[in-house]
file protein38.txt (compact mmCIF, C-alpha atoms)
# COMPACT_ATOMS: atom_id res chain seq x y z
CA MET A 1 -11.68 -1.16 -21.45
CA SER A 2 -10.14 1.72 -23.31
CA GLY A 3 -10.37 -0.17 -26.59
CA THR A 4 -6.84 0.76 -27.67
CA ASP A 5 -3.32 -0.32 -26.94
CA GLU A 6 -2.41 3.21 -25.94
CA PRO A 7 -0.86 3.48 -22.49
CA THR A 8 -2.77 5.03 -19.64
CA VAL A 9 -0.65 7.55 -17.78
CA VAL A 10 -1.18 9.10 -14.36
CA THR A 11 1.34 11.45 -12.75
CA ARG A 12 1.41 12.67 -9.16
CA THR A 13 3.83 14.71 -7.10
CA PHE A 14 3.51 14.42 -3.35
CA ALA A 15 4.11 17.06 -0.72
CA GLN A 16 4.97 16.32 2.91
CA GLN A 17 1.38 17.17 3.88
CA ASP A 18 0.14 14.42 1.55
CA LEU A 19 2.34 11.87 3.32
CA ASP A 20 1.18 13.09 6.72
CA ASP A 21 -2.49 12.94 5.72
CA PHE A 22 -2.13 9.52 4.15
CA GLY A 23 -0.41 8.38 7.32
CA PHE A 24 -3.49 9.23 9.33
CA VAL A 25 -5.79 7.46 6.87
CA SER A 26 -3.68 4.34 6.45
CA GLY A 27 -1.69 4.01 9.66
CA GLY A 28 1.48 4.69 7.68
CA THR A 29 2.79 7.37 10.00
CA GLY A 30 6.26 5.82 10.26
CA LEU A 31 9.09 8.28 10.77
CA ILE A 32 10.65 7.47 7.41
CA HIS A 33 7.50 9.02 5.87
CA THR A 34 6.51 11.76 8.29
CA ASP A 35 9.69 12.97 9.97
CA PRO A 36 12.13 14.81 7.67
CA GLY A 37 14.73 14.84 10.45
CA PHE A 38 14.63 11.06 10.78
CA ALA A 39 14.69 10.62 7.00
CA ALA A 40 17.67 12.97 6.68
CA ARG A 41 19.72 10.59 8.83
CA THR A 42 19.04 7.65 6.51
CA GLU A 43 20.58 6.85 3.14
CA PHE A 44 17.50 8.33 1.46
CA GLY A 45 17.91 11.84 2.82
CA ARG A 46 14.27 12.81 2.44
CA PRO A 47 10.94 11.31 3.51
CA LEU A 48 9.78 8.37 1.42
CA VAL A 49 6.30 8.28 -0.04
CA GLN A 50 4.39 5.36 1.47
CA GLY A 51 4.37 2.35 -0.82
CA LEU A 52 0.64 2.05 -0.34
CA LEU A 53 0.10 5.63 -1.47
CA LEU A 54 2.06 4.83 -4.63
CA LEU A 55 -0.05 1.71 -5.04
CA ALA A 56 -3.21 3.79 -4.72
CA VAL A 57 -2.06 5.86 -7.71
CA VAL A 58 -1.21 2.68 -9.60
CA GLU A 59 -4.64 1.28 -8.80
CA GLU A 60 -6.30 4.44 -10.05
CA ALA A 61 -4.34 4.17 -13.30
CA VAL A 62 -5.35 0.51 -13.66
CA CYS A 63 -8.99 1.46 -13.09
CA ARG A 64 -8.81 4.16 -15.75
CA ALA A 65 -7.45 1.56 -18.18
CA ARG A 66 -9.80 -1.25 -17.09
CA PRO A 67 -12.61 -0.08 -14.77
CA GLU A 68 -13.78 -3.63 -14.15
CA TRP A 69 -10.52 -4.42 -12.35
CA ALA A 70 -11.84 -2.91 -9.12
CA GLY A 71 -14.46 -5.60 -8.72
CA ALA A 72 -12.29 -8.60 -9.42
CA GLY A 73 -8.64 -8.45 -10.31
CA ASP A 74 -5.08 -8.86 -9.16
CA VAL A 75 -2.24 -6.41 -8.98
CA GLU A 76 1.33 -7.19 -8.02
CA VAL A 77 4.10 -4.62 -7.77
CA ARG A 78 7.74 -4.45 -6.78
CA TYR A 79 9.11 -1.23 -5.37
CA ARG A 80 12.45 -0.87 -7.15
CA ALA A 81 13.66 2.47 -5.85
CA PRO A 82 12.45 5.06 -3.37
CA VAL A 83 10.09 7.89 -4.23
CA THR A 84 10.59 10.96 -2.09
CA VAL A 85 8.69 14.17 -1.41
CA GLY A 86 8.72 16.37 -4.50
CA ASP A 87 9.40 13.60 -7.01
CA ALA A 88 7.09 13.46 -10.02
CA PHE A 89 5.75 9.89 -9.90
CA ARG A 90 4.60 8.82 -13.37
CA VAL A 91 2.64 5.59 -13.78
CA GLU A 92 2.21 4.03 -17.19
CA ILE A 93 -0.22 1.18 -17.78
CA LEU A 94 0.07 -0.78 -21.00
CA PRO A 95 -2.26 -3.57 -22.15
CA THR A 96 -0.26 -6.72 -22.89
CA GLY A 97 -3.10 -9.18 -23.32
CA ALA A 98 -6.85 -9.49 -23.18
CA ASP A 99 -6.87 -9.43 -19.41
CA GLU A 100 -3.36 -8.32 -18.51
CA LEU A 101 -1.71 -4.96 -18.05
CA THR A 102 1.92 -4.16 -17.38
CA ILE A 103 2.79 -1.42 -14.93
CA GLU A 104 5.87 0.75 -14.91
CA ALA A 105 6.38 3.82 -12.80
CA THR A 106 9.24 6.27 -13.03
CA THR A 107 10.63 9.41 -11.50
CA ALA A 108 13.36 11.63 -12.92
CA ASP A 109 15.84 9.09 -11.52
CA GLY A 110 14.43 6.18 -13.51
CA VAL A 111 12.21 3.17 -12.89
CA VAL A 112 10.91 3.00 -9.34
CA LEU A 113 8.09 0.44 -9.58
CA THR A 114 7.15 -2.40 -11.90
CA GLY A 115 4.28 -4.82 -11.87
CA VAL A 116 1.36 -6.48 -13.53
CA ALA A 117 -2.42 -6.28 -13.17
CA ARG A 118 -4.91 -8.90 -14.26
CA VAL A 119 -8.65 -8.74 -14.62
CA ALA A 120 -10.35 -11.92 -13.48
CA ALA A 121 -11.75 -13.89 -16.39
CA MET B 1 13.48 15.49 19.59
CA ALA B 2 9.80 14.55 19.51
CA ALA B 3 8.31 13.09 16.34
CA ARG B 4 6.12 15.45 14.31
CA ILE B 5 3.34 12.90 14.39
CA THR B 6 2.60 10.79 17.43
CA GLN B 7 3.16 7.12 16.77
CA GLN B 8 -0.02 5.29 17.66
CA PHE B 9 1.51 1.82 17.82
CA PRO B 10 4.72 0.50 19.39
CA ASP B 11 7.36 -1.16 17.23
CA ILE B 12 7.26 -4.94 16.94
CA PRO B 13 10.86 -6.18 17.07
CA PHE B 14 11.86 -8.55 14.28
CA ALA B 15 12.80 -11.19 16.86
CA GLU B 16 9.19 -11.32 18.05
CA LEU B 17 7.78 -12.21 14.63
CA SER B 18 6.74 -15.83 14.40
CA PRO B 19 5.90 -17.26 10.96
CA GLY B 20 2.47 -18.85 10.99
CA SER B 21 1.16 -16.66 13.78
CA ARG B 22 -2.28 -15.18 13.13
CA PHE B 23 -4.04 -12.06 14.35
CA HIS B 24 -7.47 -10.57 13.85
CA ALA B 25 -8.99 -7.11 13.53
CA GLU B 26 -11.96 -5.29 12.04
CA LEU B 27 -11.92 -2.27 9.74
CA HIS B 28 -14.94 -0.02 9.25
CA LEU B 29 -14.93 1.57 5.80
CA THR B 30 -16.62 4.83 6.64
CA GLU B 31 -17.61 7.41 4.03
CA GLU B 32 -15.28 9.91 5.70
CA LEU B 33 -12.35 7.52 5.31
CA VAL B 34 -13.19 6.84 1.68
CA ARG B 35 -13.56 10.54 0.85
CA GLU B 36 -10.16 11.37 2.32
CA TYR B 37 -8.52 8.47 0.55
CA ILE B 38 -10.01 9.47 -2.80
CA ARG B 39 -8.71 13.00 -2.33
CA LEU B 40 -5.19 11.86 -1.42
CA ALA B 41 -4.91 9.25 -4.16
CA GLY B 42 -6.26 11.61 -6.84
CA VAL B 43 -9.00 9.14 -7.69
CA ARG B 44 -11.29 10.20 -10.56
CA THR B 45 -12.72 6.85 -11.51
CA ARG B 46 -15.20 6.57 -8.67
CA GLN B 47 -17.17 8.53 -6.14
CA PRO B 48 -17.26 7.99 -2.38
CA GLN B 49 -20.66 6.33 -2.63
CA ASP B 50 -19.31 3.72 -5.05
CA THR B 51 -17.27 0.66 -4.25
CA VAL B 52 -14.19 1.07 -2.10
CA PRO B 53 -10.75 0.93 -3.76
CA PRO B 54 -8.96 -2.20 -2.52
CA SER B 55 -5.81 -0.29 -1.68
CA LEU B 56 -7.84 1.75 0.81
CA TYR B 57 -8.38 -1.16 3.12
CA CYS B 58 -5.19 -3.10 2.30
CA THR B 59 -3.32 -0.62 4.47
CA PHE B 60 -1.26 -0.74 7.62
CA LEU B 61 -4.14 -0.08 9.99
CA PRO B 62 -5.72 -3.54 10.10
CA MET B 63 -2.29 -5.12 10.36
CA PHE B 64 -1.20 -2.85 13.21
CA GLN B 65 -4.51 -3.19 15.02
CA ALA B 66 -4.46 -6.97 14.70
CA MET B 67 -0.84 -7.36 15.78
CA GLY B 68 -0.96 -4.70 18.46
CA GLY B 69 2.06 -2.94 17.05
CA ARG B 70 3.72 -1.60 13.97
CA MET B 71 6.70 -2.41 11.81
CA GLU B 72 10.00 -1.27 13.23
CA GLN B 73 10.72 2.34 12.34
CA GLY B 74 12.62 2.60 9.07
CA THR B 75 10.89 -0.39 7.50
CA LEU B 76 10.71 -0.34 3.71
CA GLN B 77 7.95 -1.93 1.69
CA VAL B 78 9.45 -3.77 -1.27
CA GLY B 79 6.48 -5.66 -2.68
CA GLN B 80 2.71 -5.83 -2.65
CA ARG B 81 0.16 -8.16 -4.17
CA ILE B 82 -3.58 -7.58 -4.00
CA ARG B 83 -6.05 -10.21 -5.18
CA VAL B 84 -9.56 -8.77 -5.34
CA ARG B 85 -12.31 -11.35 -5.12
CA ARG B 86 -15.35 -9.16 -4.64
CA ALA B 87 -16.20 -5.46 -4.66
CA VAL B 88 -16.75 -3.82 -1.27
CA THR B 89 -19.12 -0.94 -0.60
CA VAL B 90 -18.82 2.04 1.71
CA GLY B 91 -20.01 1.28 5.23
CA THR B 92 -18.83 -2.32 5.22
CA VAL B 93 -17.08 -3.63 8.31
CA LEU B 94 -14.39 -5.96 7.05
CA ALA B 95 -12.85 -8.73 9.11
CA ALA B 96 -9.09 -8.99 8.67
CA GLU B 97 -7.06 -12.09 9.40
CA VAL B 98 -3.36 -11.25 9.44
CA THR B 99 -0.77 -14.03 9.09
CA VAL B 100 3.00 -13.67 9.32
CA ARG B 101 4.08 -15.79 6.35
CA GLU B 102 7.81 -15.27 6.51
CA ALA B 103 10.41 -13.61 8.73
CA VAL B 104 13.95 -14.36 7.58
CA GLU B 105 17.26 -12.55 7.57
CA VAL B 106 19.09 -12.81 4.25
CA HIS B 107 22.31 -10.94 3.51
CA GLY B 108 21.68 -8.65 6.44
CA ARG B 109 18.15 -7.77 5.34
CA ARG B 110 15.30 -8.87 7.54
CA GLN B 111 12.58 -9.79 5.06
CA VAL B 112 9.06 -10.16 6.37
CA VAL B 113 6.00 -11.28 4.41
CA VAL B 114 2.57 -10.58 5.86
CA GLU B 115 -0.69 -11.83 4.35
CA THR B 116 -4.05 -10.33 5.22
CA VAL B 117 -7.31 -11.96 4.22
CA PHE B 118 -10.29 -9.58 4.25
CA SER B 119 -13.80 -10.93 4.58
CA ASP B 120 -17.29 -9.49 4.56
CA ARG B 121 -19.64 -11.73 6.54
CA ASP B 122 -17.39 -14.75 6.04
CA VAL B 123 -16.99 -14.17 2.28
CA VAL B 124 -13.43 -13.38 1.24
CA THR B 125 -13.25 -10.05 -0.57
CA CYS B 126 -9.52 -9.60 -0.96
CA VAL B 127 -6.15 -11.15 -0.12
CA SER B 128 -3.25 -8.76 0.39
CA THR B 129 0.37 -9.89 0.60
CA SER B 130 3.04 -7.39 1.62
CA THR B 131 6.80 -7.81 1.67
CA TYR B 132 8.97 -5.61 3.88
CA PHE B 133 12.59 -5.03 4.84
CA TRP B 134 11.96 -4.73 8.57
CA GLY B 135 13.71 -1.78 10.21
CA TYR B 136 15.98 -1.35 7.19
CA ALA B 137 16.57 2.38 7.18
CA ARG B 138 17.92 2.74 10.68
CA ARG B 139 20.17 -0.30 10.88
call {"tool": "encode", "arguments": {"input": "protein38.txt", "output": "structure tokens"}}
result
Amino acid sequence: MSGTDEPTVVTRTFAQQDLDDFGFVSGGTGLIHTDPGFAARTEFGRPLVQGLLLLAVVEEAVCRARPEWAGAGDVEVRYRAPVTVGDAFRVEILPTGADELTIEATTADGVVLTGVARVAA
Amino acid sequence: MAARITQQFPDIPFAELSPGSRFHAELHLTEELVREYIRLAGVRTRQPQDTVPPSLYCTFLPMFQAMGGRMEQGTLQVGQRIRVRRAVTVGTVLAAEVTVREAVEVHGRRQVVVETVFSDRDVVTCVSTSTYFWGYARR
């Protein structure tokens, strides 16, 4: 545990190559992530970062705040708005209890992800 | 026009999803896979020889392999819950049991909930629950 109530912040900006590479690792090669032409024909206009790649960044932030989470913990997130290639994705983790952390992630457009993580007692 | 990246799995149409149906697959957590994941996720809190981040194996691959297909193109992920029960080390071969928990159309959105239970030699290591809007972005 960090020992303070200070937030833990992790920021990432993803390029198209990151989405392509993560697609190969995770199976998330869907056209909405890896095909800018397909994405341009949707309401989003640009490829969306895979939700699981965003979650990986969230998980890393949770582990920086509470390393023991990786061995036994829960995390639950809602994806509120899309994150596209080139967006700066900023995750903030704030302790809200002995074993609970709140999660909020933003881009320049506002809140894109919210959630909570808990370390098993 | 051909896709930039070949799609390994065919789409599973929403109409073919049956709540309660179960599928099985295995996922080998190789060091190569873990190294690449750590690079992509910007992980600093562990090394490839350490335990494996849960979000590495709670991915699409076991689901697609188990179900023999992928989400319809344009699917959006709207929620994810991961319940870690036990740390997993590099080299483990996890068993994945995939269950379609929900497949409903509400207000024109086809919401699908899929639960995957991961086990290492019959001991549950993690339960992953994902919520999707199936085929949303091309409807």
call {"tool": "atom_distance", "arguments": {"input": "protein38.txt", "atom1": "atom CA of B:Tyr57", "atom2": "atom CA of A:Thr34"}}
result
20.4 Å
call {"tool": "atom_distance", "arguments": {"input": "protein38.txt", "atom1": "atom CA of A:Gly73", "atom2": "atom CA of B:Phe64"}}
result
25.3 Å
call {"tool": "closest_residue", "arguments": {"input": "protein38.txt", "among": "B:Ala41, B:Val124, B:Glu26, B:Arg4", "to": "A:Phe14", "atoms": "all atoms listed in the file"}}
result
B:Ala41
call {"tool": "residues_around", "arguments": {"input": "protein38.txt", "residues": "B:Gln80", "least_positions_apart": "5", "cutoff": "7 Å", "atoms": "all atoms listed in the file", "output": "JSON, numbers by chain"}}
result
{"A": [76, 77, 78], "B": [129, 130, 131]}
call {"tool": "residues_around", "arguments": {"input": "protein38.txt", "residues": "stretch 46-51 of chain A", "least_positions_apart": "4", "cutoff": "7 Å", "atoms": "all atoms listed in the file", "output": "number ranges by chain"}}
result
A: 19, 28, 32-36, 39-40, 55, 82-85; B: 77
call {"tool": "closest_residue", "arguments": {"input": "protein38.txt", "among": "A:Leu52, A:Thr8, A:Ala121, A:Asp99", "to": "A:Gly27", "atoms": "all atoms listed in the file"}}
result
A:Leu52
call {"tool": "decode", "arguments": {"input": "protein38.txt", "residues": "stretch 5-20 of chain B", "atoms": "all heavy atoms", "output": "PDB file, in the first residue's frame"}}
result
ATOM      1  N   ILE B   5      -5.825  -6.437 -41.051  1.00  0.00           N
ATOM      2  CA  ILE B   5      -5.421  -7.594 -40.263  1.00  0.00           C
ATOM      3  C   ILE B   5      -6.434  -8.719 -40.498  1.00  0.00           C
ATOM      4  O   ILE B   5      -7.640  -8.513 -40.355  1.00  0.00           O
ATOM      5  CB  ILE B   5      -5.344  -7.231 -38.776  1.00  0.00           C
ATOM      6  CG1 ILE B   5      -4.213  -6.211 -38.564  1.00  0.00           C
ATOM      7  CG2 ILE B   5      -5.139  -8.469 -37.910  1.00  0.00           C
ATOM      8  CD1 ILE B   5      -4.092  -5.689 -37.158  1.00  0.00           C
ATOM      9  N   THR B   6      -5.929  -9.865 -40.865  1.00  0.00           N
ATOM     10  CA  THR B   6      -6.804 -10.997 -41.129  1.00  0.00           C
ATOM     11  C   THR B   6      -7.570 -11.382 -39.873  1.00  0.00           C
ATOM     12  O   THR B   6      -6.994 -11.488 -38.786  1.00  0.00           O
ATOM     13  CB  THR B   6      -5.965 -12.206 -41.607  1.00  0.00           C
ATOM     14  OG1 THR B   6      -5.241 -11.809 -42.770  1.00  0.00           O
ATOM     15  CG2 THR B   6      -6.860 -13.392 -41.926  1.00  0.00           C
ATOM     16  N   GLN B   7      -8.845 -11.571 -40.031  1.00  0.00           N
ATOM     17  CA  GLN B   7      -9.686 -11.949 -38.902  1.00  0.00           C
ATOM     18  C   GLN B   7      -9.628 -13.468 -38.728  1.00  0.00           C
ATOM     19  O   GLN B   7     -10.001 -14.222 -39.626  1.00  0.00           O
ATOM     20  CB  GLN B   7     -11.119 -11.469 -39.129  1.00  0.00           C
ATOM     21  CG  GLN B   7     -11.232  -9.961 -39.291  1.00  0.00           C
ATOM     22  CD  GLN B   7     -10.796  -9.205 -38.047  1.00  0.00           C
ATOM     23  OE1 GLN B   7     -11.358  -9.381 -36.966  1.00  0.00           O
ATOM     24  NE2 GLN B   7      -9.766  -8.353 -38.168  1.00  0.00           N
ATOM     25  N   GLN B   8      -9.135 -13.878 -37.588  1.00  0.00           N
ATOM     26  CA  GLN B   8      -8.882 -15.296 -37.344  1.00  0.00           C
ATOM     27  C   GLN B   8     -10.166 -16.084 -37.104  1.00  0.00           C
ATOM     28  O   GLN B   8     -10.229 -17.279 -37.385  1.00  0.00           O
ATOM     29  CB  GLN B   8      -7.963 -15.432 -36.120  1.00  0.00           C
ATOM     30  CG  GLN B   8      -7.491 -16.841 -35.839  1.00  0.00           C
ATOM     31  CD  GLN B   8      -6.604 -16.889 -34.592  1.00  0.00           C
ATOM     32  OE1 GLN B   8      -6.255 -15.873 -34.017  1.00  0.00           O
ATOM     33  NE2 GLN B   8      -6.243 -18.099 -34.185  1.00  0.00           N
ATOM     34  N   PHE B   9     -11.190 -15.398 -36.589  1.00  0.00           N
ATOM     35  CA  PHE B   9     -12.418 -16.099 -36.218  1.00  0.00           C
ATOM     36  C   PHE B   9     -13.607 -15.504 -36.971  1.00  0.00           C
ATOM     37  O   PHE B   9     -13.664 -14.291 -37.187  1.00  0.00           O
ATOM     38  CB  PHE B   9     -12.674 -15.967 -34.711  1.00  0.00           C
ATOM     39  CG  PHE B   9     -11.613 -16.595 -33.853  1.00  0.00           C
ATOM     40  CD1 PHE B   9     -10.552 -15.830 -33.379  1.00  0.00           C
ATOM     41  CD2 PHE B   9     -11.664 -17.938 -33.511  1.00  0.00           C
ATOM     42  CE1 PHE B   9      -9.575 -16.396 -32.580  1.00  0.00           C
ATOM     43  CE2 PHE B   9     -10.685 -18.513 -32.715  1.00  0.00           C
ATOM     44  CZ  PHE B   9      -9.632 -17.741 -32.256  1.00  0.00           C
ATOM     45  N   PRO B  10     -14.580 -16.339 -37.327  1.00  0.00           N
ATOM     46  CA  PRO B  10     -15.798 -15.811 -37.956  1.00  0.00           C
ATOM     47  C   PRO B  10     -16.697 -15.145 -36.922  1.00  0.00           C
ATOM     48  O   PRO B  10     -16.623 -15.454 -35.728  1.00  0.00           O
ATOM     49  CB  PRO B  10     -16.463 -17.084 -38.512  1.00  0.00           C
ATOM     50  CG  PRO B  10     -16.029 -18.159 -37.576  1.00  0.00           C
ATOM     51  CD  PRO B  10     -14.616 -17.801 -37.162  1.00  0.00           C
ATOM     52  N   ASP B  11     -17.548 -14.247 -37.384  1.00  0.00           N
ATOM     53  CA  ASP B  11     -18.509 -13.606 -36.484  1.00  0.00           C
ATOM     54  C   ASP B  11     -19.539 -14.624 -35.986  1.00  0.00           C
ATOM     55  O   ASP B  11     -19.978 -15.494 -36.748  1.00  0.00           O
ATOM     56  CB  ASP B  11     -19.273 -12.497 -37.212  1.00  0.00           C
ATOM     57  CG  ASP B  11     -18.432 -11.252 -37.432  1.00  0.00           C
ATOM     58  OD1 ASP B  11     -17.197 -11.339 -37.324  1.00  0.00           O
ATOM     59  OD2 ASP B  11     -19.025 -10.204 -37.723  1.00  0.00           O
ATOM     60  N   ILE B  12     -19.943 -14.480 -34.739  1.00  0.00           N
ATOM     61  CA  ILE B  12     -21.070 -15.250 -34.210  1.00  0.00           C
ATOM     62  C   ILE B  12     -22.281 -14.320 -34.223  1.00  0.00           C
ATOM     63  O   ILE B  12     -22.301 -13.313 -33.499  1.00  0.00           O
ATOM     64  CB  ILE B  12     -20.810 -15.730 -32.766  1.00  0.00           C
ATOM     65  CG1 ILE B  12     -19.581 -16.640 -32.727  1.00  0.00           C
ATOM     66  CG2 ILE B  12     -22.040 -16.461 -32.228  1.00  0.00           C
ATOM     67  CD1 ILE B  12     -19.184 -17.065 -31.322  1.00  0.00           C
ATOM     68  N   PRO B  13     -23.283 -14.626 -35.036  1.00  0.00           N
ATOM     69  CA  PRO B  13     -24.468 -13.758 -35.061  1.00  0.00           C
ATOM     70  C   PRO B  13     -25.182 -13.748 -33.716  1.00  0.00           C
ATOM     71  O   PRO B  13     -25.231 -14.774 -33.028  1.00  0.00           O
ATOM     72  CB  PRO B  13     -25.352 -14.408 -36.142  1.00  0.00           C
ATOM     73  CG  PRO B  13     -24.426 -15.257 -36.948  1.00  0.00           C
ATOM     74  CD  PRO B  13     -23.370 -15.728 -35.999  1.00  0.00           C
ATOM     75  N   PHE B  14     -25.731 -12.609 -33.376  1.00  0.00           N
ATOM     76  CA  PHE B  14     -26.453 -12.462 -32.105  1.00  0.00           C
ATOM     77  C   PHE B  14     -27.524 -13.538 -31.956  1.00  0.00           C
ATOM     78  O   PHE B  14     -27.718 -14.103 -30.867  1.00  0.00           O
ATOM     79  CB  PHE B  14     -27.083 -11.065 -32.044  1.00  0.00           C
ATOM     80  CG  PHE B  14     -27.916 -10.818 -30.823  1.00  0.00           C
ATOM     81  CD1 PHE B  14     -27.327 -10.524 -29.598  1.00  0.00           C
ATOM     82  CD2 PHE B  14     -29.312 -10.869 -30.893  1.00  0.00           C
ATOM     83  CE1 PHE B  14     -28.100 -10.291 -28.466  1.00  0.00           C
ATOM     84  CE2 PHE B  14     -30.089 -10.635 -29.766  1.00  0.00           C
ATOM     85  CZ  PHE B  14     -29.482 -10.344 -28.555  1.00  0.00           C
ATOM     86  N   ALA B  15     -28.216 -13.836 -33.052  1.00  0.00           N
ATOM     87  CA  ALA B  15     -29.322 -14.804 -32.998  1.00  0.00           C
ATOM     88  C   ALA B  15     -28.850 -16.201 -32.610  1.00  0.00           C
ATOM     89  O   ALA B  15     -29.660 -17.033 -32.191  1.00  0.00           O
ATOM     90  CB  ALA B  15     -30.031 -14.851 -34.355  1.00  0.00           C
ATOM     91  N   GLU B  16     -27.572 -16.469 -32.749  1.00  0.00           N
ATOM     92  CA  GLU B  16     -27.061 -17.802 -32.409  1.00  0.00           C
ATOM     93  C   GLU B  16     -26.612 -17.915 -30.954  1.00  0.00           C
ATOM     94  O   GLU B  16     -26.215 -18.998 -30.509  1.00  0.00           O
ATOM     95  CB  GLU B  16     -25.903 -18.175 -33.346  1.00  0.00           C
ATOM     96  CG  GLU B  16     -26.350 -18.383 -34.778  1.00  0.00           C
ATOM     97  CD  GLU B  16     -25.229 -18.840 -35.685  1.00  0.00           C
ATOM     98  OE1 GLU B  16     -24.134 -19.174 -35.172  1.00  0.00           O
ATOM     99  OE2 GLU B  16     -25.432 -18.832 -36.909  1.00  0.00           O
ATOM    100  N   LEU B  17     -26.656 -16.812 -30.218  1.00  0.00           N
ATOM    101  CA  LEU B  17     -26.238 -16.856 -28.810  1.00  0.00           C
ATOM    102  C   LEU B  17     -27.362 -17.424 -27.961  1.00  0.00           C
ATOM    103  O   LEU B  17     -28.511 -16.977 -28.055  1.00  0.00           O
ATOM    104  CB  LEU B  17     -25.874 -15.456 -28.322  1.00  0.00           C
ATOM    105  CG  LEU B  17     -24.664 -14.820 -29.000  1.00  0.00           C
ATOM    106  CD1 LEU B  17     -24.560 -13.351 -28.576  1.00  0.00           C
ATOM    107  CD2 LEU B  17     -23.392 -15.563 -28.648  1.00  0.00           C
ATOM    108  N   SER B  18     -27.031 -18.377 -27.137  1.00  0.00           N
ATOM    109  CA  SER B  18     -28.035 -19.030 -26.307  1.00  0.00           C
ATOM    110  C   SER B  18     -27.627 -18.923 -24.840  1.00  0.00           C
ATOM    111  O   SER B  18     -26.654 -19.562 -24.411  1.00  0.00           O
ATOM    112  CB  SER B  18     -28.159 -20.502 -26.718  1.00  0.00           C
ATOM    113  OG  SER B  18     -29.065 -21.168 -25.880  1.00  0.00           O
ATOM    114  N   PRO B  19     -28.351 -18.110 -24.054  1.00  0.00           N
ATOM    115  CA  PRO B  19     -27.993 -17.977 -22.639  1.00  0.00           C
ATOM    116  C   PRO B  19     -27.950 -19.339 -21.946  1.00  0.00           C
ATOM    117  O   PRO B  19     -28.834 -20.172 -22.139  1.00  0.00           O
ATOM    118  CB  PRO B  19     -29.115 -17.099 -22.077  1.00  0.00           C
ATOM    119  CG  PRO B  19     -29.552 -16.286 -23.251  1.00  0.00           C
ATOM    120  CD  PRO B  19     -29.462 -17.212 -24.428  1.00  0.00           C
ATOM    121  N   GLY B  20     -26.911 -19.529 -21.165  1.00  0.00           N
ATOM    122  CA  GLY B  20     -26.723 -20.799 -20.471  1.00  0.00           C
ATOM    123  C   GLY B  20     -25.787 -21.748 -21.193  1.00  0.00           C
ATOM    124  O   GLY B  20     -25.295 -22.708 -20.590  1.00  0.00           O
TER     125      GLY B  20
END
